[in-house]
Amino acid sequence: MTTVRGKTKFAYGAVVAMAVTGIGVLPAHAAPTPAKAPQQQSAVSATGATTKAAAARSYTYLSFKINRKDTSNSRLSLVYVQVINPDKVRTYTVKTWRAGSGTGSTNSCLKNRGVLPSGDYKIRSFEAHKDGGPRGIHGLAWYVGEHRCKPGGTNRDALFVHSEMLPNGKQGRSEPYRWDGNSDYKSNGCIKLKPSDARDLAGYRSNYPHPGKLYVS
């Protein structure tokens, strides 16, 4: 999936300040907001999970909420599901960023133009220095595979969460590797973040479980 446009400076790895909240960790700068998880995983084992074992089952996921009035002004959130013990689970929205998908159409069956199809995705891989070749996706990239817009409908493939940057994370001199502003939230269907927000999202990998799923609605 190629990008549309791009511009900002790359500065890897802002250190995330952390604060302990019960069991599990939350960033000091974040104001966690309770959120309802699309799916909740059981922390109960046959032998009875201890608090420590339950906490180890805590996880994160990404949630993309499409703004049907302006798909380039949608929202991507990192959500933390904190398993305190088998009977106590808390869900927090750690942070939300502006993100875009598609070139403006809400018809998810339009390949290379429509918004990302709604549904559940598995985050298949993460690359900090992706090199997608000429006019491909570079830099920070979360690969979410493919998805049909509806049963039997158009298969949207090569879908990522990404920004506009060079493989080393710096800004390029021209499109599609230079972030120029709001117009660069448009894409061929992938979810796009501005470079600083992509770095921010990637920074949470140091202190949270890596997100395994993406939920689009």
# chains A, B, ... in the order shown; residues from 1 in each chain; ligands from 1
>>> select_by_dssp(residues="range 71-208 of chain A", states="helix (DSSP H, G or I)", output="list in words")
Thr71, Ser72, Asn73, Asn182, Ser183, Asp184, Tyr185, Pro195, Ser196, Asp197, Ala198, Arg199, Asp200, Leu201, Ala202, Gly203, Tyr204, Arg205 and Ser206 of chain A
>>> write_last_selection(atoms="N, CA, C and O atoms", output="mmCIF file, in the first residue's frame")
data_model
loop_
_atom_site.group_PDB
_atom_site.id
_atom_site.type_symbol
_atom_site.label_atom_id
_atom_site.label_comp_id
_atom_site.auth_asym_id
_atom_site.auth_seq_id
_atom_site.Cartn_x
_atom_site.Cartn_y
_atom_site.Cartn_z
ATOM 1 N N THR A 71 -12.915 11.135 7.099
ATOM 2 C CA THR A 71 -12.103 9.964 7.434
ATOM 3 C C THR A 71 -10.645 10.308 7.723
ATOM 4 O O THR A 71 -9.937 9.519 8.354
ATOM 5 N N SER A 72 -10.193 11.469 7.279
ATOM 6 C CA SER A 72 -8.814 11.876 7.563
ATOM 7 C C SER A 72 -8.671 12.455 8.964
ATOM 8 O O SER A 72 -7.565 12.779 9.395
ATOM 9 N N ASN A 73 -9.792 12.579 9.674
ATOM 10 C CA ASN A 73 -9.778 13.104 11.048
ATOM 11 C C ASN A 73 -10.420 12.090 11.986
ATOM 12 O O ASN A 73 -11.268 12.423 12.800
ATOM 13 N N ASN A 182 -2.192 18.342 7.272
ATOM 14 C CA ASN A 182 -3.431 17.576 7.378
ATOM 15 C C ASN A 182 -3.743 16.717 6.153
ATOM 16 O O ASN A 182 -4.327 15.637 6.277
ATOM 17 N N SER A 183 -3.351 17.173 4.990
ATOM 18 C CA SER A 183 -3.644 16.397 3.780
ATOM 19 C C SER A 183 -2.928 15.044 3.780
ATOM 20 O O SER A 183 -3.343 14.111 3.096
ATOM 21 N N ASP A 184 -1.870 14.933 4.565
ATOM 22 C CA ASP A 184 -1.105 13.688 4.592
ATOM 23 C C ASP A 184 -1.751 12.599 5.442
ATOM 24 O O ASP A 184 -1.240 11.473 5.488
ATOM 25 N N TYR A 185 -2.852 12.922 6.111
ATOM 26 C CA TYR A 185 -3.592 11.868 6.809
ATOM 27 C C TYR A 185 -4.339 10.986 5.809
ATOM 28 O O TYR A 185 -4.826 9.915 6.168
ATOM 29 N N PRO A 195 4.258 11.649 11.908
ATOM 30 C CA PRO A 195 5.470 10.987 12.402
ATOM 31 C C PRO A 195 5.641 11.014 13.913
ATOM 32 O O PRO A 195 5.985 9.999 14.518
ATOM 33 N N SER A 196 5.402 12.158 14.550
ATOM 34 C CA SER A 196 5.598 12.226 16.001
ATOM 35 C C SER A 196 4.629 11.320 16.741
ATOM 36 O O SER A 196 4.971 10.741 17.782
ATOM 37 N N ASP A 197 3.411 11.162 16.218
ATOM 38 C CA ASP A 197 2.429 10.285 16.862
ATOM 39 C C ASP A 197 2.767 8.818 16.626
ATOM 40 O O ASP A 197 2.553 7.973 17.510
ATOM 41 N N ALA A 198 3.311 8.488 15.463
ATOM 42 C CA ALA A 198 3.760 7.120 15.218
ATOM 43 C C ALA A 198 4.900 6.757 16.178
ATOM 44 O O ALA A 198 4.939 5.645 16.722
ATOM 45 N N ARG A 199 5.803 7.695 16.407
ATOM 46 C CA ARG A 199 6.888 7.460 17.360
ATOM 47 C C ARG A 199 6.340 7.312 18.775
ATOM 48 O O ARG A 199 6.822 6.501 19.567
ATOM 49 N N ASP A 200 5.341 8.119 19.094
ATOM 50 C CA ASP A 200 4.723 8.056 20.420
ATOM 51 C C ASP A 200 4.102 6.676 20.647
ATOM 52 O O ASP A 200 4.314 6.043 21.689
ATOM 53 N N LEU A 201 3.334 6.208 19.671
ATOM 54 C CA LEU A 201 2.720 4.890 19.767
ATOM 55 C C LEU A 201 3.790 3.808 19.910
ATOM 56 O O LEU A 201 3.686 2.914 20.769
ATOM 57 N N ALA A 202 4.831 3.869 19.104
ATOM 58 C CA ALA A 202 5.897 2.867 19.174
ATOM 59 C C ALA A 202 6.612 2.895 20.521
ATOM 60 O O ALA A 202 7.068 1.862 21.013
ATOM 61 N N GLY A 203 6.684 4.071 21.142
ATOM 62 C CA GLY A 203 7.369 4.201 22.419
ATOM 63 C C GLY A 203 6.738 3.399 23.535
ATOM 64 O O GLY A 203 7.423 2.967 24.473
ATOM 65 N N TYR A 204 5.440 3.165 23.452
ATOM 66 C CA TYR A 204 4.757 2.406 24.497
ATOM 67 C C TYR A 204 5.143 0.927 24.479
ATOM 68 O O TYR A 204 4.850 0.196 25.434
ATOM 69 N N ARG A 205 5.792 0.466 23.435
ATOM 70 C CA ARG A 205 6.215 -0.934 23.362
ATOM 71 C C ARG A 205 7.210 -1.271 24.471
ATOM 72 O O ARG A 205 7.359 -2.438 24.849
ATOM 73 N N SER A 206 7.889 -0.266 25.014
ATOM 74 C CA SER A 206 8.884 -0.511 26.053
ATOM 75 C C SER A 206 8.260 -0.830 27.406
ATOM 76 O O SER A 206 8.888 -1.467 28.253
#
>>> residues_around(residues="Gly100 in chain A", least_positions_apart="5", cutoff="10 Å", atoms="only C-alpha atoms", output="PDB file with N, CA, C and O atoms, in the first residue's frame")
ATOM      1  N   PHE A  64      -9.473   1.701  16.192  1.00  0.00           N
ATOM      2  CA  PHE A  64      -9.574   2.778  15.199  1.00  0.00           C
ATOM      3  C   PHE A  64     -11.045   3.123  15.011  1.00  0.00           C
ATOM      4  O   PHE A  64     -11.839   2.311  14.533  1.00  0.00           O
ATOM      5  N   LYS A  65     -11.415   4.341  15.419  1.00  0.00           N
ATOM      6  CA  LYS A  65     -12.784   4.833  15.299  1.00  0.00           C
ATOM      7  C   LYS A  65     -12.866   5.751  14.088  1.00  0.00           C
ATOM      8  O   LYS A  65     -12.240   6.816  14.053  1.00  0.00           O
ATOM      9  N   ILE A  66     -13.637   5.340  13.086  1.00  0.00           N
ATOM     10  CA  ILE A  66     -13.730   6.096  11.842  1.00  0.00           C
ATOM     11  C   ILE A  66     -14.675   7.275  11.994  1.00  0.00           C
ATOM     12  O   ILE A  66     -15.809   7.125  12.461  1.00  0.00           O
ATOM     13  N   ASN A  67     -14.216   8.438  11.600  1.00  0.00           N
ATOM     14  CA  ASN A  67     -15.066   9.626  11.527  1.00  0.00           C
ATOM     15  C   ASN A  67     -15.707   9.630  10.147  1.00  0.00           C
ATOM     16  O   ASN A  67     -15.033   9.924   9.149  1.00  0.00           O
ATOM     17  N   ASP A  70     -15.398  12.860   8.102  1.00  0.00           N
ATOM     18  CA  ASP A  70     -14.064  13.213   7.602  1.00  0.00           C
ATOM     19  C   ASP A  70     -13.117  12.093   7.995  1.00  0.00           C
ATOM     20  O   ASP A  70     -12.577  12.080   9.107  1.00  0.00           O
ATOM     21  N   THR A  71     -12.915  11.135   7.099  1.00  0.00           N
ATOM     22  CA  THR A  71     -12.103   9.964   7.434  1.00  0.00           C
ATOM     23  C   THR A  71     -10.645  10.308   7.723  1.00  0.00           C
ATOM     24  O   THR A  71      -9.937   9.519   8.354  1.00  0.00           O
ATOM     25  N   SER A  72     -10.193  11.469   7.279  1.00  0.00           N
ATOM     26  CA  SER A  72      -8.814  11.876   7.563  1.00  0.00           C
ATOM     27  C   SER A  72      -8.671  12.455   8.964  1.00  0.00           C
ATOM     28  O   SER A  72      -7.565  12.779   9.395  1.00  0.00           O
ATOM     29  N   ASN A  73      -9.792  12.579   9.674  1.00  0.00           N
ATOM     30  CA  ASN A  73      -9.778  13.104  11.048  1.00  0.00           C
ATOM     31  C   ASN A  73     -10.420  12.090  11.986  1.00  0.00           C
ATOM     32  O   ASN A  73     -11.268  12.423  12.800  1.00  0.00           O
ATOM     33  N   SER A  74      -9.987  10.836  11.841  1.00  0.00           N
ATOM     34  CA  SER A  74     -10.473   9.758  12.694  1.00  0.00           C
ATOM     35  C   SER A  74      -9.543   9.611  13.900  1.00  0.00           C
ATOM     36  O   SER A  74      -8.633  10.418  14.083  1.00  0.00           O
ATOM     37  N   ARG A  75      -9.751   8.578  14.733  1.00  0.00           N
ATOM     38  CA  ARG A  75      -8.979   8.430  15.961  1.00  0.00           C
ATOM     39  C   ARG A  75      -8.474   6.998  16.146  1.00  0.00           C
ATOM     40  O   ARG A  75      -9.227   6.039  16.008  1.00  0.00           O
ATOM     41  N   LEU A  76      -7.185   6.896  16.469  1.00  0.00           N
ATOM     42  CA  LEU A  76      -6.560   5.620  16.794  1.00  0.00           C
ATOM     43  C   LEU A  76      -6.172   5.650  18.260  1.00  0.00           C
ATOM     44  O   LEU A  76      -5.531   6.592  18.717  1.00  0.00           O
ATOM     45  N   VAL A 115     -12.053   3.957   2.945  1.00  0.00           N
ATOM     46  CA  VAL A 115     -11.568   3.805   4.307  1.00  0.00           C
ATOM     47  C   VAL A 115     -11.334   2.322   4.613  1.00  0.00           C
ATOM     48  O   VAL A 115     -11.877   1.435   3.948  1.00  0.00           O
ATOM     49  N   LEU A 116     -10.529   2.040   5.610  1.00  0.00           N
ATOM     50  CA  LEU A 116     -10.259   0.674   6.035  1.00  0.00           C
ATOM     51  C   LEU A 116     -11.568  -0.030   6.418  1.00  0.00           C
ATOM     52  O   LEU A 116     -12.394   0.544   7.127  1.00  0.00           O
ATOM     53  N   VAL A 161      -0.563   0.236   9.641  1.00  0.00           N
ATOM     54  CA  VAL A 161      -0.599   1.499  10.383  1.00  0.00           C
ATOM     55  C   VAL A 161       0.792   2.082  10.197  1.00  0.00           C
ATOM     56  O   VAL A 161       1.795   1.423  10.512  1.00  0.00           O
ATOM     57  N   ASN A 182      -2.192  18.342   7.272  1.00  0.00           N
ATOM     58  CA  ASN A 182      -3.431  17.576   7.378  1.00  0.00           C
ATOM     59  C   ASN A 182      -3.743  16.717   6.153  1.00  0.00           C
ATOM     60  O   ASN A 182      -4.327  15.637   6.277  1.00  0.00           O
ATOM     61  N   SER A 183      -3.351  17.173   4.990  1.00  0.00           N
ATOM     62  CA  SER A 183      -3.644  16.397   3.780  1.00  0.00           C
ATOM     63  C   SER A 183      -2.928  15.044   3.780  1.00  0.00           C
ATOM     64  O   SER A 183      -3.343  14.111   3.096  1.00  0.00           O
ATOM     65  N   ASP A 184      -1.870  14.933   4.565  1.00  0.00           N
ATOM     66  CA  ASP A 184      -1.105  13.688   4.592  1.00  0.00           C
ATOM     67  C   ASP A 184      -1.751  12.599   5.442  1.00  0.00           C
ATOM     68  O   ASP A 184      -1.240  11.473   5.488  1.00  0.00           O
ATOM     69  N   TYR A 185      -2.852  12.922   6.111  1.00  0.00           N
ATOM     70  CA  TYR A 185      -3.592  11.868   6.809  1.00  0.00           C
ATOM     71  C   TYR A 185      -4.339  10.986   5.809  1.00  0.00           C
ATOM     72  O   TYR A 185      -4.826   9.915   6.168  1.00  0.00           O
ATOM     73  N   LYS A 186      -4.444  11.421   4.560  1.00  0.00           N
ATOM     74  CA  LYS A 186      -5.103  10.601   3.544  1.00  0.00           C
ATOM     75  C   LYS A 186      -4.178   9.474   3.108  1.00  0.00           C
ATOM     76  O   LYS A 186      -2.956   9.608   3.121  1.00  0.00           O
ATOM     77  N   SER A 187      -4.787   8.341   2.734  1.00  0.00           N
ATOM     78  CA  SER A 187      -3.996   7.179   2.358  1.00  0.00           C
ATOM     79  C   SER A 187      -4.754   6.356   1.321  1.00  0.00           C
ATOM     80  O   SER A 187      -5.891   6.674   0.968  1.00  0.00           O
ATOM     81  N   GLY A 189      -5.828   3.529   1.991  1.00  0.00           N
ATOM     82  CA  GLY A 189      -6.627   2.620   2.799  1.00  0.00           C
ATOM     83  C   GLY A 189      -5.990   2.306   4.137  1.00  0.00           C
ATOM     84  O   GLY A 189      -6.668   1.965   5.099  1.00  0.00           O
ATOM     85  N   CYS A 190      -4.665   2.411   4.218  1.00  0.00           N
ATOM     86  CA  CYS A 190      -3.969   2.175   5.488  1.00  0.00           C
ATOM     87  C   CYS A 190      -4.360   3.239   6.513  1.00  0.00           C
ATOM     88  O   CYS A 190      -4.920   4.279   6.170  1.00  0.00           O
ATOM     89  N   ILE A 191      -4.042   2.964   7.777  1.00  0.00           N
ATOM     90  CA  ILE A 191      -4.213   3.960   8.836  1.00  0.00           C
ATOM     91  C   ILE A 191      -2.927   4.774   8.919  1.00  0.00           C
ATOM     92  O   ILE A 191      -1.840   4.213   9.058  1.00  0.00           O
ATOM     93  N   LYS A 192      -3.045   6.101   8.846  1.00  0.00           N
ATOM     94  CA  LYS A 192      -1.861   6.958   8.867  1.00  0.00           C
ATOM     95  C   LYS A 192      -1.859   7.890  10.069  1.00  0.00           C
ATOM     96  O   LYS A 192      -2.873   8.499  10.404  1.00  0.00           O
ATOM     97  N   LEU A 193      -0.695   7.986  10.681  1.00  0.00           N
ATOM     98  CA  LEU A 193      -0.423   8.901  11.789  1.00  0.00           C
ATOM     99  C   LEU A 193       0.652   9.885  11.360  1.00  0.00           C
ATOM    100  O   LEU A 193       1.483   9.561  10.509  1.00  0.00           O
ATOM    101  N   LYS A 194       0.684  11.066  11.974  1.00  0.00           N
ATOM    102  CA  LYS A 194       1.811  11.941  11.703  1.00  0.00           C
ATOM    103  C   LYS A 194       3.047  11.334  12.384  1.00  0.00           C
ATOM    104  O   LYS A 194       2.926  10.546  13.335  1.00  0.00           O
TER     105      LYS A 194
END
>>> residues_around(residues="range 122-126 of chain A", least_positions_apart="2", cutoff="12 Å", atoms="only C-alpha atoms", output="ChimeraX atom specification")
/A:60-63,119-120,128-130,138-147,158-162,198,201-202,205,210-216
>>> write_last_selection(atoms="N, CA and C atoms", output="tab-separated table (two decimals), in the first residue's frame")
chain	number	residue	atom	x	y	z
A	60	THR	N	-2.71	-5.36	25.43
A	60	THR	CA	-3.14	-4.13	24.77
A	60	THR	C	-3.70	-4.44	23.39
A	61	TYR	N	-4.47	-3.51	22.87
A	61	TYR	CA	-4.93	-3.60	21.49
A	61	TYR	C	-5.09	-2.18	20.94
A	62	LEU	N	-5.21	-2.06	19.63
A	62	LEU	CA	-5.47	-0.78	18.98
A	62	LEU	C	-6.92	-0.70	18.57
A	63	SER	N	-7.50	0.47	18.73
A	63	SER	CA	-8.89	0.72	18.34
A	63	SER	C	-8.92	1.91	17.38
A	119	GLY	N	-13.99	-4.10	11.28
A	119	GLY	CA	-13.80	-5.49	11.67
A	119	GLY	C	-12.60	-5.66	12.57
A	120	ASP	N	-12.25	-6.92	12.81
A	120	ASP	CA	-11.14	-7.27	13.69
A	120	ASP	C	-9.93	-7.69	12.86
A	128	ALA	N	10.47	-1.25	12.85
A	128	ALA	CA	10.90	0.10	13.20
A	128	ALA	C	11.60	0.79	12.04
A	129	HIS	N	12.11	0.01	11.08
A	129	HIS	CA	12.86	0.59	9.96
A	129	HIS	C	12.44	-0.07	8.64
A	130	LYS	N	11.17	-0.14	8.41
A	130	LYS	CA	10.69	-0.80	7.20
A	130	LYS	C	11.19	-0.07	5.95
A	138	HIS	N	7.77	3.23	4.47
A	138	HIS	CA	9.07	3.24	5.12
A	138	HIS	C	8.93	3.59	6.60
A	139	GLY	N	9.94	3.21	7.37
A	139	GLY	CA	10.00	3.60	8.77
A	139	GLY	C	9.14	2.74	9.67
A	140	LEU	N	8.48	3.37	10.65
A	140	LEU	CA	7.63	2.67	11.61
A	140	LEU	C	6.40	2.12	10.91
A	141	ALA	N	6.13	0.84	11.09
A	141	ALA	CA	4.98	0.24	10.39
A	141	ALA	C	4.47	-0.99	11.14
A	142	TRP	N	3.16	-1.01	11.35
A	142	TRP	CA	2.47	-2.15	11.94
A	142	TRP	C	1.66	-2.81	10.82
A	143	TYR	N	1.96	-4.05	10.51
A	143	TYR	CA	1.28	-4.75	9.42
A	143	TYR	C	0.05	-5.47	9.96
A	144	VAL	N	-1.12	-5.18	9.37
A	144	VAL	CA	-2.37	-5.79	9.84
A	144	VAL	C	-3.02	-6.69	8.78
A	145	GLY	N	-2.29	-6.99	7.72
A	145	GLY	CA	-2.75	-7.99	6.77
A	145	GLY	C	-3.76	-7.49	5.76
A	146	GLU	N	-4.86	-8.25	5.61
A	146	GLU	CA	-5.88	-7.93	4.62
A	146	GLU	C	-7.26	-8.15	5.20
A	147	HIS	N	-8.27	-7.62	4.52
A	147	HIS	CA	-9.64	-7.73	5.04
A	147	HIS	C	-10.61	-7.46	3.90
A	158	ALA	N	-2.48	-5.57	1.87
A	158	ALA	CA	-1.30	-4.77	2.18
A	158	ALA	C	-1.65	-3.60	3.10
A	159	LEU	N	-2.33	-3.90	4.17
A	159	LEU	CA	-2.82	-2.87	5.09
A	159	LEU	C	-1.86	-2.69	6.27
A	160	PHE	N	-1.56	-1.42	6.57
A	160	PHE	CA	-0.62	-1.09	7.63
A	160	PHE	C	-1.16	0.07	8.47
A	161	VAL	N	-0.56	0.24	9.64
A	161	VAL	CA	-0.60	1.50	10.38
A	161	VAL	C	0.79	2.08	10.20
A	162	HIS	N	0.88	3.31	9.67
A	162	HIS	CA	2.20	3.86	9.35
A	162	HIS	C	2.15	5.37	9.27
A	198	ALA	N	3.31	8.49	15.46
A	198	ALA	CA	3.76	7.12	15.22
A	198	ALA	C	4.90	6.76	16.18
A	201	LEU	N	3.33	6.21	19.67
A	201	LEU	CA	2.72	4.89	19.77
A	201	LEU	C	3.79	3.81	19.91
A	202	ALA	N	4.83	3.87	19.10
A	202	ALA	CA	5.90	2.87	19.17
A	202	ALA	C	6.61	2.89	20.52
A	205	ARG	N	5.79	0.47	23.43
A	205	ARG	CA	6.22	-0.93	23.36
A	205	ARG	C	7.21	-1.27	24.47
A	210	HIS	N	2.91	-5.69	23.73
A	210	HIS	CA	2.73	-5.22	22.36
A	210	HIS	C	1.30	-5.50	21.92
A	211	PRO	N	0.62	-4.54	21.29
A	211	PRO	CA	-0.75	-4.79	20.85
A	211	PRO	C	-0.81	-5.93	19.84
A	212	GLY	N	-1.77	-6.82	20.04
A	212	GLY	CA	-1.91	-7.97	19.15
A	212	GLY	C	-3.07	-7.89	18.20
A	213	LYS	N	-4.01	-6.98	18.48
A	213	LYS	CA	-5.20	-6.86	17.65
A	213	LYS	C	-5.48	-5.40	17.33
A	214	LEU	N	-6.21	-5.21	16.23
A	214	LEU	CA	-6.73	-3.90	15.82
A	214	LEU	C	-8.22	-4.07	15.60
A	215	TYR	N	-9.01	-3.21	16.23
A	215	TYR	CA	-10.46	-3.23	16.05
A	215	TYR	C	-10.88	-1.94	15.34
A	216	VAL	N	-11.55	-2.09	14.21
A	216	VAL	CA	-11.94	-0.95	13.38
A	216	VAL	C	-13.46	-0.82	13.39
>>> residues_around(residues="Val89 in chain A", least_positions_apart="6", cutoff="9 Å", atoms="only C-alpha atoms", output="ChimeraX atom specification")
/A:40,58,81-83
>>> write_last_selection(atoms="N, CA and C atoms", output="PDB file, in the first residue's frame")
ATOM      1  N   GLN A  40     -12.811  -9.725  26.121  1.00  0.00           N
ATOM      2  CA  GLN A  40     -12.059  -9.817  27.345  1.00  0.00           C
ATOM      3  C   GLN A  40     -11.573 -11.233  27.524  1.00  0.00           C
ATOM      4  N   SER A  58      -2.304  -9.485  31.237  1.00  0.00           N
ATOM      5  CA  SER A  58      -2.722  -8.174  30.762  1.00  0.00           C
ATOM      6  C   SER A  58      -2.261  -7.992  29.319  1.00  0.00           C
ATOM      7  N   VAL A  81      -5.720  -3.526  28.719  1.00  0.00           N
ATOM      8  CA  VAL A  81      -6.611  -4.359  29.529  1.00  0.00           C
ATOM      9  C   VAL A  81      -5.765  -4.940  30.656  1.00  0.00           C
ATOM     10  N   GLN A  82      -5.995  -4.445  31.858  1.00  0.00           N
ATOM     11  CA  GLN A  82      -5.182  -4.788  33.024  1.00  0.00           C
ATOM     12  C   GLN A  82      -5.892  -5.881  33.830  1.00  0.00           C
ATOM     13  N   VAL A  83      -5.314  -7.065  33.824  1.00  0.00           N
ATOM     14  CA  VAL A  83      -5.874  -8.182  34.580  1.00  0.00           C
ATOM     15  C   VAL A  83      -5.226  -8.171  35.961  1.00  0.00           C
TER      16      VAL A  83
END
